[in-house]
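Comments concern the structure below.
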Amino acid sequence: MSLIRQQWVEQRRAYTRVHSALQIALLYLEVLILNPGENKHLNRQQKQRTSLRFWFPHVNFNRLNPLDFVRIVLQVLWLIFFQQESDMEPKKRKSPTKTVLTFPLRVIKGTNKKVRAVFNQHIQPRYSGLALKTIMGFGEVTHYAWLNTATFRILLTIAASVLVAFTISLPMDSSSQAVMLLLFWGTALWVRDVNKRGALLLMVVLSVLVSTRYLYWRVTQTINWDVPADTFLSLLLLTAEIYAWTILVLGYVQTIWPLERKVARLPDDISTWPSVDVFIPTYNEPLHVVRPTILAALAMDWPEDKLNVYLLDDGKRDEFSDFAEKIGVPYITRVDNSHAKAGNLNHALKKTSGDYITIFDCDHIPTRSFLQLTMGWFLHDPKLALVQTPHHFFSPDPFEKNLTMFRSKPNEGELFYGLIQDGNDMWNASFFCGSCAVLKRGPLEEVGGIAVETVTEDAHTALKMHRLGYNSAYLNIPQAAGLATESLSAHIGQRIRWARGMAQIFRLDNPLRGKGLNLGQRICYANAMLYFLNGIPRIIFMMAPLAFLLLHSYIVFAPAIMIALYALPHIVHSYLTNSRTQGQYRHSFWAEMYETVLAWYILRPTTVALFFPKLGKFNVTAKGGLNEKTHYDWEVSKPYLILVLLCVIGFSFGIWRLFTGPTDEYLTVALNLIWVTYNLIILGGAVAVAEEAKQVRAAHRIAVNRPVTFITASEHVFSAELVDYSDQGAGLRIPHDCQIERGDIIRVFMFDGGSERSFECSVVSRRGELLGLRFIPANIETDQALLRATFSRADAWVGWRPVDVAERPLSSFQEVIAIGIRGYKRMAMQFAPILLPVFEFFEGGWRFIRSILPTMPVHKEEHNG
Amino acid sequence: MNIIGVESVVGGSGGTSVVAEYAAALNDMGLRTIALDLNPENQLGLHFGLSLSESAGVSQIDQASSNILDVLFESVDGYPFIPFGYVPEVEWPVAIETLAERLSSLLKPILSTPDRVMVIDVSRSAFPLRDWVYRHADVMLNVIQPEPRAMPALIRYSEHQRRLQVAANCRSLVMFNAVAPHLDLSRDTLELLRSQITADAQCPILIHRDQHIPEAFASQKPVRSLTASAQSNRDFDALALWTVSYLNSDGFSADAEDALSGAKGSFPTAEGSSQKAEGSFPGAEGSNNGAIK
């Protein structure tokens with residue numbers, strides 16, 4: 001009794017009478033039900049299980065409110081009836097009290113469990129095992145080696161062609177169409193998770209079949225020839241769809257079998273390694289951006305007498321020439337700046353003589369291993385003219401920054417460098433991307449140096465070399481990293497240049513025509529160029545439902561049910577298949593958002609470039625700037641606001657038609673409403689991106705988690721964790737009992753290869769265990785060592801983003817919806833603040849519902865101190 | 001019982017401190033480890049809190065009782081150790097001589113326990129004891145500090161100690177202590193020394209020069225009992241972890257009999273492993289400076 005009194009007194013110090021009573025009751029309840037006292041020998045995880053807080057993570061027991069009882073009841077019911085124990089190993093030890101309390105529940109649960117056990121143990125494994133065996137057998141392509149003879153191939157091709165032609169063109173009524181497509185769909189879902197090439201091929205084949213059937217049906221049966229205006233709109237949509245189909249099929253071909261090239265070994269005899277010139281072109285970038293690149297290039301692991309770094313300054317700045325002189329790097333300038341970067345490189349090409357040329361954009365810091373990993377293939381393949389590595393960015397691009405998805409979701413470039421280039425490599429069609437690549441001097445000079453006819457000189461140069469029969473290689477290991485574009489407008493500017501350049505090449509040096517390319521190369525290049533023409537089709541798709549909703553024009557002249565039966569499978573299959581082939585590199589629906597943002601802006605330049613390919617000049621992408629406060633770039637999103645407005649009007653018209661229109665139009669209206677809603681979501685996302693998040697640090701900090709050592713002025717050495725670093729400073733997590741304050745000088749030890757180096761830092765902040773450091777500049781040699789210990793580590797960019805989670809289109813769709821809503825909220829804030837409470841109401845409501853719903857108990861990592 | 005000998009190649013390289021911290025780290029890892037002092041200076045016990053006036057030790061066991069367990073101490077934190085015992089300096093030669101003769105029989109009750117480790121502080125000058133350790137140890141860690149004296153010492157080591165250790169069938173490794181990357185001389189010397197020794201003849205774990213170690217000694221405790229966050233604890237943890245994998249690699253056995261028998265030639269792979277160690281030094285046979293490239 002005295003114990004209770006003591007507890008009471010203790011509780012009363014902090015809480016009111018009622019609250020204290022509640023607390024003590026809870027405490028005893030916990031002891032009674034979960035029995036924590038006697039389990040001293042349990043480990044921490046098991047100990048957590050004996051606490052009420054573990055089982056009710058969403059309830060704050062220190063501050064209970066009436067709703068918490070609802071939460072607790074719901075959670076108990078959920079835990080008992082729905083939560084599988086197997087999800088939460090190891091099994092919870094039940095106390096006798098609980099056993100009595102939950103007896104009736106257990107009976108029900110037990111029966112349920114028995115039935116499920118029979119199903120799980122006997123029925124399900126038998127069938128899923130059977131299914132899996134079939135698919136695995138089917139999916140293992142090596143099993144078909146015996147089929148690979150010329151006769152067989154010809155026979156199979158003929159048979160397949162007949163079958164495909166039949167499948168595509170066979171007219172069917174709606175129910176047989178539905179049955180056939182459900183069958184296809186089921187197959188696709190069935191093999192989706194089978195990690196075999198054959199399964200992927202099957203999905204691609206199904207998707208192409210379904211889409212082609214859809215297109216065939218569209219072309220042959222759905223064009224409205226009766227009303228001229230409708231015919232026009234109808235053909236417009238059809239053109240866009242043919243374009244989309246082409247890109248879809250070419251994309252499948254391009255990425256069907258990524259080569260996933262490995263590193264080729266260099267000979268042991270270092271004297272046989274070739275000489276390499278490193279070109280670092282710069283124009284207007286500040287020295288603090290270029291400096292690390294030059295130092296890291298000099299510090300690459302390559303025989304010193306065979307590595308020559310050149311600084312190519314088109315800006316002709318004294319600061320740069322002084323710096324180059326100081327560190328002994330040849331400084332090259334020219335009288336005019338003709339042909340921008342390409343001209344700059346070509347000028348340096350004439351003045352140097354190394355066997356190979358490596359090009360780094362002035363902000364791309366190479367890792368020390370860059371040359372050792374890339375050069376091997378040149379010595380294995382004498383016809384090889386190019387080895388390209390991915391462009392990796394250690395700062396968030398505008399999408400990543402504004403949508404706060406940095407390092408958690410694949411970014412916009414990842415699809416290209418993660419999958420498309422690897423896929424191109426299979427067809428010997430991976431192309432030069434302007435930086436982070438090695439070119440062979442001979443072939444490069446043979447094509448007249450870097451191409452100057454277009455603004456995407458890189459891809460064009462590679463195309464020219466491919467035409468001469470040279471090979472290219474792509475090594476998908478990030479071996480250099482740079483700054484991403486800092487604002488959405490700059491990002492769009494860069495993409496406009498790419499799009500225009502690609503359109504220019506398509507006109508001036510069309511990969512589908514001309515000599516020297518094989519079919520695969522033609523397809524890959526054509527797809528890379530056609531992809532950038534997506535501006536017009538995408539705008540057409542955005543506007544298409546409005547044709548019916550606003551103008552009441554039947555642009556797809558078919559019953560709504562047939563449209564649904566043909567179009568829906570086409571869409572579903574392409575999403576499923578794309579999610580399977582590229583889900584790791586780009587999540588479904590995110591791509592739509594990325595491309596929608598760009599669509600309007602690349603529309604005009606690509607169209608102009610298609611007709612007048614010689615117009616336009618090179619523009620430099622701005623990097624490394626600051627963004628002092630969050631602001632909204634209305635200028636950029638203006639076209640999308642107009643589209644949103646149109647869609648909203650269309651949507652309202654749709655609702656109006658739903659109520660006033662003829663009943664036989666219901667389905668058509670509904671279909672168009674769904675379409676316009678989808679467009680609205682994607683547009684909302686596009687608008688949300690334009691909200692420029694603030695960026696206050698001049699140097700980007702790279703978050704890591706790496707053990708380091710540091711020594712204090714008193715020569716005490718501590719172990720710590722490197723939390724982040726930049727070229728200016730670092731963040732450490734240090735032991736809490738470490739006596740360090742702001743203003744102290746410490747030295748951090750980090751490994752430069754095999755040897756440990758010391759870097760002097762001043763402490764600029766201390767918050768608990770977190771220490772903010774600024775590197776004190778020393779000499780060039782120490783700076784290089786610092787780079788090699790941070791940005792230039794061979795593994796600096798490996799494992800940048802967790803990739804083990806499989807992409808699921810539906811959850812990606814949810815994310816895109818959330819982003820879309822954010823965009824609308826931002827719009828409301830700007831144009832109709834009166835609507836804000838509505839958003840807040842819905843958000844608050846959703847948060848409230850989430851807080852009531854049961855929550856999965858999770859083990860929390862406890863941090864000591 | 002596995003025996004690990006630790007010997008300073010140059011006086012003042014910190015061999016005794018290494019033994020104390022190393023044994024503590026092995027114990028913390030769950031490997032019951034006894035630190036044994038075979039250095040007549042009798043300093044090891046001080047690291048574990050032994051009183052200066054305590055004269056008991058392995059050299060002090062009288063002939064009659066002769067039980068090693070009588071001088072097996074345990075520090076406040078539970079680290080077991082056996083001090084050398086106080087012997088006036090003039091009597092050192094005699095004490096060393098007698099102890100060397102009796103050591104095998106004295107240690108018998110401890111050495112016959114399997115799955116244990118004994119880390120021994122070896123003195124360069126106490127020859128007979130040193131030779132006893134060479135004959136019985138699985139590994140000899142020869143501690144060097146990267147400092148100017150190290151280079152001549154390394155040459156002497158490769159001409160002398162290393163040959164004896166290899167001849168006695170024990171793995172001979174160089175271990176770097178008191179590494180200070182922030183001092184140019186220390187860093188450069190380390191680079192030079194490491195470049196002169198083949199990788200399989202040096203212990204891959206480097207111990208940092210850390211003010212925590214002398215401070216811990218001053219308070220007569222291992223660093224881990226005083227400052228948990230010190231880097232030297234991580235260093236010795238790493239050393240302990242490395243030791244386990246190293247001892248479990250080919251040619252070693254935790255069997256007590258083999259360790260006791262002295263004639264380790266009886267055990268089949270030891271010969272091979274010693275030859276492998278010999279072979280790791282370019283030009284080891286014939287030439288005098290085996291460990292030097």
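Following the order of the structure tokens, first chain is A, next is B, and so on, with residues numbered from 1 inside each chain and ligands from 1 in the order they appear.
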
Between chain A and chain B, at 12 Å or less, what are the per-residue closest atom pairs and their distances in Å? Count only C-alpha atoms, order by chain and rising residue number, and return it as JSON lines.
{"residue": "A:Pro707", "atom": "CA", "partner": "B:Arg234", "partner_atom": "CA", "distance": 10.3}
{"residue": "A:Val708", "atom": "CA", "partner": "B:Gln231", "partner_atom": "CA", "distance": 9.3}
{"residue": "A:Thr709", "atom": "CA", "partner": "B:Gln231", "partner_atom": "CA", "distance": 6.8}
{"residue": "A:Phe710", "atom": "CA", "partner": "B:Gln231", "partner_atom": "CA", "distance": 8.2}
{"residue": "A:Ile711", "atom": "CA", "partner": "B:Asp210", "partner_atom": "CA", "distance": 8.2}
{"residue": "A:Thr712", "atom": "CA", "partner": "B:Gln211", "partner_atom": "CA", "distance": 9.7}
{"residue": "A:Ala713", "atom": "CA", "partner": "B:Gln211", "partner_atom": "CA", "distance": 10.5}
{"residue": "A:Ser714", "atom": "CA", "partner": "B:Gln211", "partner_atom": "CA", "distance": 7.5}
{"residue": "A:Glu715", "atom": "CA", "partner": "B:Gln211", "partner_atom": "CA", "distance": 5.5}
{"residue": "A:His716", "atom": "CA", "partner": "B:Gln211", "partner_atom": "CA", "distance": 4.8}
{"residue": "A:Val717", "atom": "CA", "partner": "B:Asp210", "partner_atom": "CA", "distance": 5.2}
{"residue": "A:Phe718", "atom": "CA", "partner": "B:Gln231", "partner_atom": "CA", "distance": 4.2}
{"residue": "A:Ser719", "atom": "CA", "partner": "B:Gln231", "partner_atom": "CA", "distance": 4.5}
{"residue": "A:Ala720", "atom": "CA", "partner": "B:Gln231", "partner_atom": "CA", "distance": 8.3}
{"residue": "A:Glu721", "atom": "CA", "partner": "B:Gln231", "partner_atom": "CA", "distance": 11.5}
{"residue": "A:Arg733", "atom": "CA", "partner": "B:Ser229", "partner_atom": "CA", "distance": 11.7}
{"residue": "A:Ile734", "atom": "CA", "partner": "B:Ser229", "partner_atom": "CA", "distance": 8.6}
{"residue": "A:Pro735", "atom": "CA", "partner": "B:Ser229", "partner_atom": "CA", "distance": 6.0}
{"residue": "A:His736", "atom": "CA", "partner": "B:Ser229", "partner_atom": "CA", "distance": 8.8}
{"residue": "A:Asp737", "atom": "CA", "partner": "B:Ser229", "partner_atom": "CA", "distance": 8.1}
{"residue": "A:Cys738", "atom": "CA", "partner": "B:Ser229", "partner_atom": "CA", "distance": 8.1}
{"residue": "A:Gln739", "atom": "CA", "partner": "B:Ser229", "partner_atom": "CA", "distance": 11.7}
{"residue": "A:Ile746", "atom": "CA", "partner": "B:His182", "partner_atom": "CA", "distance": 10.4}
{"residue": "A:Arg747", "atom": "CA", "partner": "B:His182", "partner_atom": "CA", "distance": 7.3}
{"residue": "A:Val748", "atom": "CA", "partner": "B:His182", "partner_atom": "CA", "distance": 8.7}
{"residue": "A:Phe749", "atom": "CA", "partner": "B:Pro181", "partner_atom": "CA", "distance": 7.1}
{"residue": "A:Met750", "atom": "CA", "partner": "B:Pro181", "partner_atom": "CA", "distance": 9.3}
{"residue": "A:Phe751", "atom": "CA", "partner": "B:Pro181", "partner_atom": "CA", "distance": 10.0}
{"residue": "A:Asp752", "atom": "CA", "partner": "B:Pro181", "partner_atom": "CA", "distance": 11.3}
{"residue": "A:Gly754", "atom": "CA", "partner": "B:Glu191", "partner_atom": "CA", "distance": 9.5}
{"residue": "A:Ser755", "atom": "CA", "partner": "B:Glu191", "partner_atom": "CA", "distance": 7.5}
{"residue": "A:Glu756", "atom": "CA", "partner": "B:Pro181", "partner_atom": "CA", "distance": 6.0}
{"residue": "A:Arg757", "atom": "CA", "partner": "B:Pro181", "partner_atom": "CA", "distance": 5.5}
{"residue": "A:Ser758", "atom": "CA", "partner": "B:His182", "partner_atom": "CA", "distance": 4.9}
{"residue": "A:Phe759", "atom": "CA", "partner": "B:His182", "partner_atom": "CA", "distance": 7.6}
{"residue": "A:Glu760", "atom": "CA", "partner": "B:His182", "partner_atom": "CA", "distance": 8.6}
{"residue": "A:Cys761", "atom": "CA", "partner": "B:His182", "partner_atom": "CA", "distance": 12.0}
{"residue": "A:Thr782", "atom": "CA", "partner": "B:His182", "partner_atom": "CA", "distance": 11.2}

### Task
Could you give me, as a ChimeraX atom specification, each residue of stretch 500-547 of chain A that DSSP assigns to helix (DSSP H, G or I) when run on this structure's backbone?
/A:500-508,519-531,535-547

Grab the residues selected above and save them as a CSV table (one decimal), in the first residue's frame with C-alpha atoms.
chain,number,residue,atom,x,y,z
A,500,ARG,CA,16.2,21.0,-79.6
A,501,GLY,CA,19.6,19.3,-80.3
A,502,MET,CA,18.0,15.9,-80.7
A,503,ALA,CA,15.4,17.3,-83.1
A,504,GLN,CA,18.2,19.0,-85.0
A,505,ILE,CA,20.2,15.7,-85.3
A,506,PHE,CA,17.0,14.0,-86.4
A,507,ARG,CA,16.7,16.4,-89.3
A,508,LEU,CA,20.4,16.9,-90.2
A,519,LEU,CA,19.1,-1.9,-87.0
A,520,GLY,CA,19.4,-1.8,-83.2
A,521,GLN,CA,21.5,1.4,-83.3
A,522,ARG,CA,18.9,3.0,-85.6
A,523,ILE,CA,16.1,2.1,-83.3
A,524,CYS,CA,18.0,3.4,-80.2
A,525,TYR,CA,19.0,6.7,-81.7
A,526,ALA,CA,15.6,7.2,-83.3
A,527,ASN,CA,13.9,6.6,-79.9
A,528,ALA,CA,16.3,8.9,-78.1
A,529,MET,CA,15.4,11.7,-80.6
A,530,LEU,CA,11.7,11.0,-81.1
A,531,TYR,CA,11.3,10.9,-77.3
A,535,GLY,CA,5.6,18.0,-76.4
A,536,ILE,CA,2.8,18.2,-78.9
A,537,PRO,CA,1.3,14.7,-78.2
A,538,ARG,CA,1.3,15.3,-74.5
A,539,ILE,CA,-0.5,18.5,-74.8
A,540,ILE,CA,-3.0,16.8,-77.2
A,541,PHE,CA,-3.6,14.1,-74.6
A,542,MET,CA,-4.1,16.8,-72.0
A,543,MET,CA,-6.7,18.5,-74.1
A,544,ALA,CA,-8.4,15.5,-75.7
A,545,PRO,CA,-11.1,14.9,-73.1
A,546,LEU,CA,-12.0,18.6,-73.4
A,547,ALA,CA,-13.0,18.0,-77.0

## Note on the structure
As a check of understanding: the span from atom CA of B:Tyr134 to atom CA of B:Gln165 is 5.4 Å

### Task
Compare B:Ala24, B:Leu226, B:Leu192, B:Ile110 by their minimum atom-to-atom distance to B:Tyr79, counting only C-alpha atoms, and give me the closest one.
B:Ala24

### Query
Leaving out A:Ala670 and any residue of its chain fewer than 2 positions from it, which residues lie within 10 Å of it when counting only C-alpha atoms, given as a list of chain:residue names?
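Neighbouring residues, sequence-local ones excluded: A:Ala560, A:Gly654, A:Ile655, A:Arg657, A:Leu658, A:Glu665, A:Tyr666, A:Leu667, A:Thr668, A:Asn672, A:Leu673, A:Ile674, A:Trp675, A:Val676.
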
### Task
Give me, please, the distance in Å between atom CA of A:Leu787 and atom CA of A:Pro292, quoted to one decimal.
7.3 Å

### Message
Please list as a ChimeraX atom specification every residue within 7 Å of A:Val210, counting only C-alpha atoms and excluding residues in the same chain fewer than 4 positions away.
### Response
/A:206,214,569-570

Go ahead and save the residues from that selection, with N, CA and C atoms, as an mmCIF file, in the first residue's frame.
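Below is the file that was written, again-v9.cif:
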data_model
loop_
_atom_site.group_PDB
_atom_site.id
_atom_site.type_symbol
_atom_site.label_atom_id
_atom_site.label_comp_id
_atom_site.auth_asym_id
_atom_site.auth_seq_id
_atom_site.Cartn_x
_atom_site.Cartn_y
_atom_site.Cartn_z
ATOM 1 N N LEU A 206 2.950 -9.217 -74.607
ATOM 2 C CA LEU A 206 1.528 -8.989 -74.333
ATOM 3 C C LEU A 206 1.184 -7.512 -74.479
ATOM 4 N N TYR A 214 -5.195 -2.344 -80.042
ATOM 5 C CA TYR A 214 -5.932 -1.114 -79.751
ATOM 6 C C TYR A 214 -5.761 -0.111 -80.890
ATOM 7 N N PRO A 569 -7.071 -1.842 -71.293
ATOM 8 C CA PRO A 569 -6.000 -2.850 -71.274
ATOM 9 C C PRO A 569 -4.694 -2.310 -71.854
ATOM 10 N N HIS A 570 -4.826 -1.480 -72.893
ATOM 11 C CA HIS A 570 -3.625 -0.897 -73.494
ATOM 12 C C HIS A 570 -2.854 -0.084 -72.453
#

### Message
Report as a list of chain:residue names all protein, DNA and RNA residues lying within 7 Å of A:Phe589, evaluated on only C-alpha atoms, omitting residues in the same chain fewer than 5 positions from it.
### Response
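The residues satisfying every condition are A:Ser812, A:Phe813, A:Val816.
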
Atoms kept (N, CA and C atoms) for selection, written as an mmCIF file, in the first residue's frame:
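Result file follows (selection.cif):
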data_model
loop_
_atom_site.group_PDB
_atom_site.id
_atom_site.type_symbol
_atom_site.label_atom_id
_atom_site.label_comp_id
_atom_site.auth_asym_id
_atom_site.auth_seq_id
_atom_site.Cartn_x
_atom_site.Cartn_y
_atom_site.Cartn_z
ATOM 1 N N SER A 812 2.684 4.316 -56.268
ATOM 2 C CA SER A 812 3.245 5.487 -56.937
ATOM 3 C C SER A 812 2.137 6.453 -57.312
ATOM 4 N N PHE A 813 1.005 5.905 -57.732
ATOM 5 C CA PHE A 813 -0.122 6.751 -58.104
ATOM 6 C C PHE A 813 -0.597 7.553 -56.898
ATOM 7 N N VAL A 816 1.693 10.403 -56.389
ATOM 8 C CA VAL A 816 1.487 11.467 -57.370
ATOM 9 C C VAL A 816 0.210 12.241 -57.037
#

### Message
So, with only C-alpha atoms as the atoms that count, which of A:Asp363, A:Glu781, A:Glu412, A:Asp230 lies closest to A:Glu595?
### Response
A:Glu412

Env of stretch 203-206 of chain B: 8 Å cut, atoms = only C-alpha atoms, seq-sep filter 2 positions within chain, self excluded. Answer as a tab-separated table (two decimals) with N, CA, C and O atoms, in the first residue's frame.
chain	number	residue	atom	x	y	z
B	141	LEU	N	53.23	-10.43	-31.75
B	141	LEU	CA	53.02	-9.08	-32.29
B	141	LEU	C	54.21	-8.23	-31.87
B	141	LEU	O	54.44	-8.03	-30.67
B	173	LEU	N	54.44	-11.04	-36.59
B	173	LEU	CA	53.82	-9.89	-37.26
B	173	LEU	C	54.33	-8.59	-36.66
B	173	LEU	O	54.59	-8.52	-35.45
B	174	VAL	N	54.40	-7.57	-37.50
B	174	VAL	CA	54.73	-6.24	-37.01
B	174	VAL	C	53.42	-5.50	-36.76
B	174	VAL	O	52.50	-5.57	-37.58
B	175	MET	N	53.33	-4.87	-35.61
B	175	MET	CA	52.12	-4.10	-35.33
B	175	MET	C	52.49	-2.65	-35.03
B	175	MET	O	53.44	-2.39	-34.30
B	176	PHE	N	51.74	-1.72	-35.64
B	176	PHE	CA	52.07	-0.30	-35.46
B	176	PHE	C	51.22	0.29	-34.35
B	176	PHE	O	50.00	0.21	-34.36
B	177	ASN	N	51.91	0.88	-33.40
B	177	ASN	CA	51.25	1.50	-32.25
B	177	ASN	C	51.53	3.00	-32.29
B	177	ASN	O	52.49	3.44	-32.91
B	179	VAL	N	50.07	5.52	-33.75
B	179	VAL	CA	50.05	6.14	-35.07
B	179	VAL	C	49.41	7.52	-34.96
B	179	VAL	O	48.36	7.67	-34.34
B	199	ALA	N	52.44	-7.41	-46.89
B	199	ALA	CA	51.15	-7.26	-46.22
B	199	ALA	C	50.90	-8.38	-45.21
B	199	ALA	O	50.34	-8.14	-44.15
B	200	ASP	N	51.32	-9.61	-45.54
B	200	ASP	CA	51.00	-10.70	-44.61
B	200	ASP	C	51.98	-10.77	-43.45
B	200	ASP	O	51.86	-11.65	-42.60
B	201	ALA	N	52.93	-9.84	-43.37
B	201	ALA	CA	53.83	-9.83	-42.22
B	201	ALA	C	53.52	-8.65	-41.31
B	201	ALA	O	54.28	-8.36	-40.39
B	208	HIS	N	45.99	4.07	-32.76
B	208	HIS	CA	46.27	5.50	-32.78
B	208	HIS	C	47.01	5.94	-31.52
B	208	HIS	O	46.83	5.37	-30.45
B	235	ASP	N	40.01	0.87	-31.70
B	235	ASP	CA	41.20	0.24	-32.28
B	235	ASP	C	41.41	-1.15	-31.69
B	235	ASP	O	41.65	-2.11	-32.41
B	238	ALA	N	38.86	-3.62	-32.74
B	238	ALA	CA	39.16	-4.12	-34.08
B	238	ALA	C	40.27	-5.15	-34.02
B	238	ALA	O	40.22	-6.19	-34.69
B	239	LEU	N	41.26	-4.89	-33.17
B	239	LEU	CA	42.37	-5.83	-33.03
B	239	LEU	C	41.86	-7.17	-32.50
B	239	LEU	O	42.28	-8.24	-32.98
B	242	TRP	N	40.00	-8.94	-35.24
B	242	TRP	CA	40.95	-9.46	-36.21
B	242	TRP	C	41.64	-10.71	-35.65
B	242	TRP	O	41.83	-11.69	-36.34

### Message
So that I can see what lies close to B:Leu99, please list as a PyMOL selection string the residues with an atom at most 9 Å from it, counting only C-alpha atoms and leaving out residues fewer than 3 positions away in the same chain.
### Response
chain B and resi 58-59+94-96+102-103+106+128-129

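Taking atom CA of A:Asn402 as the reference point, atom CA of A:Ala688 is found at 7.8 Å.
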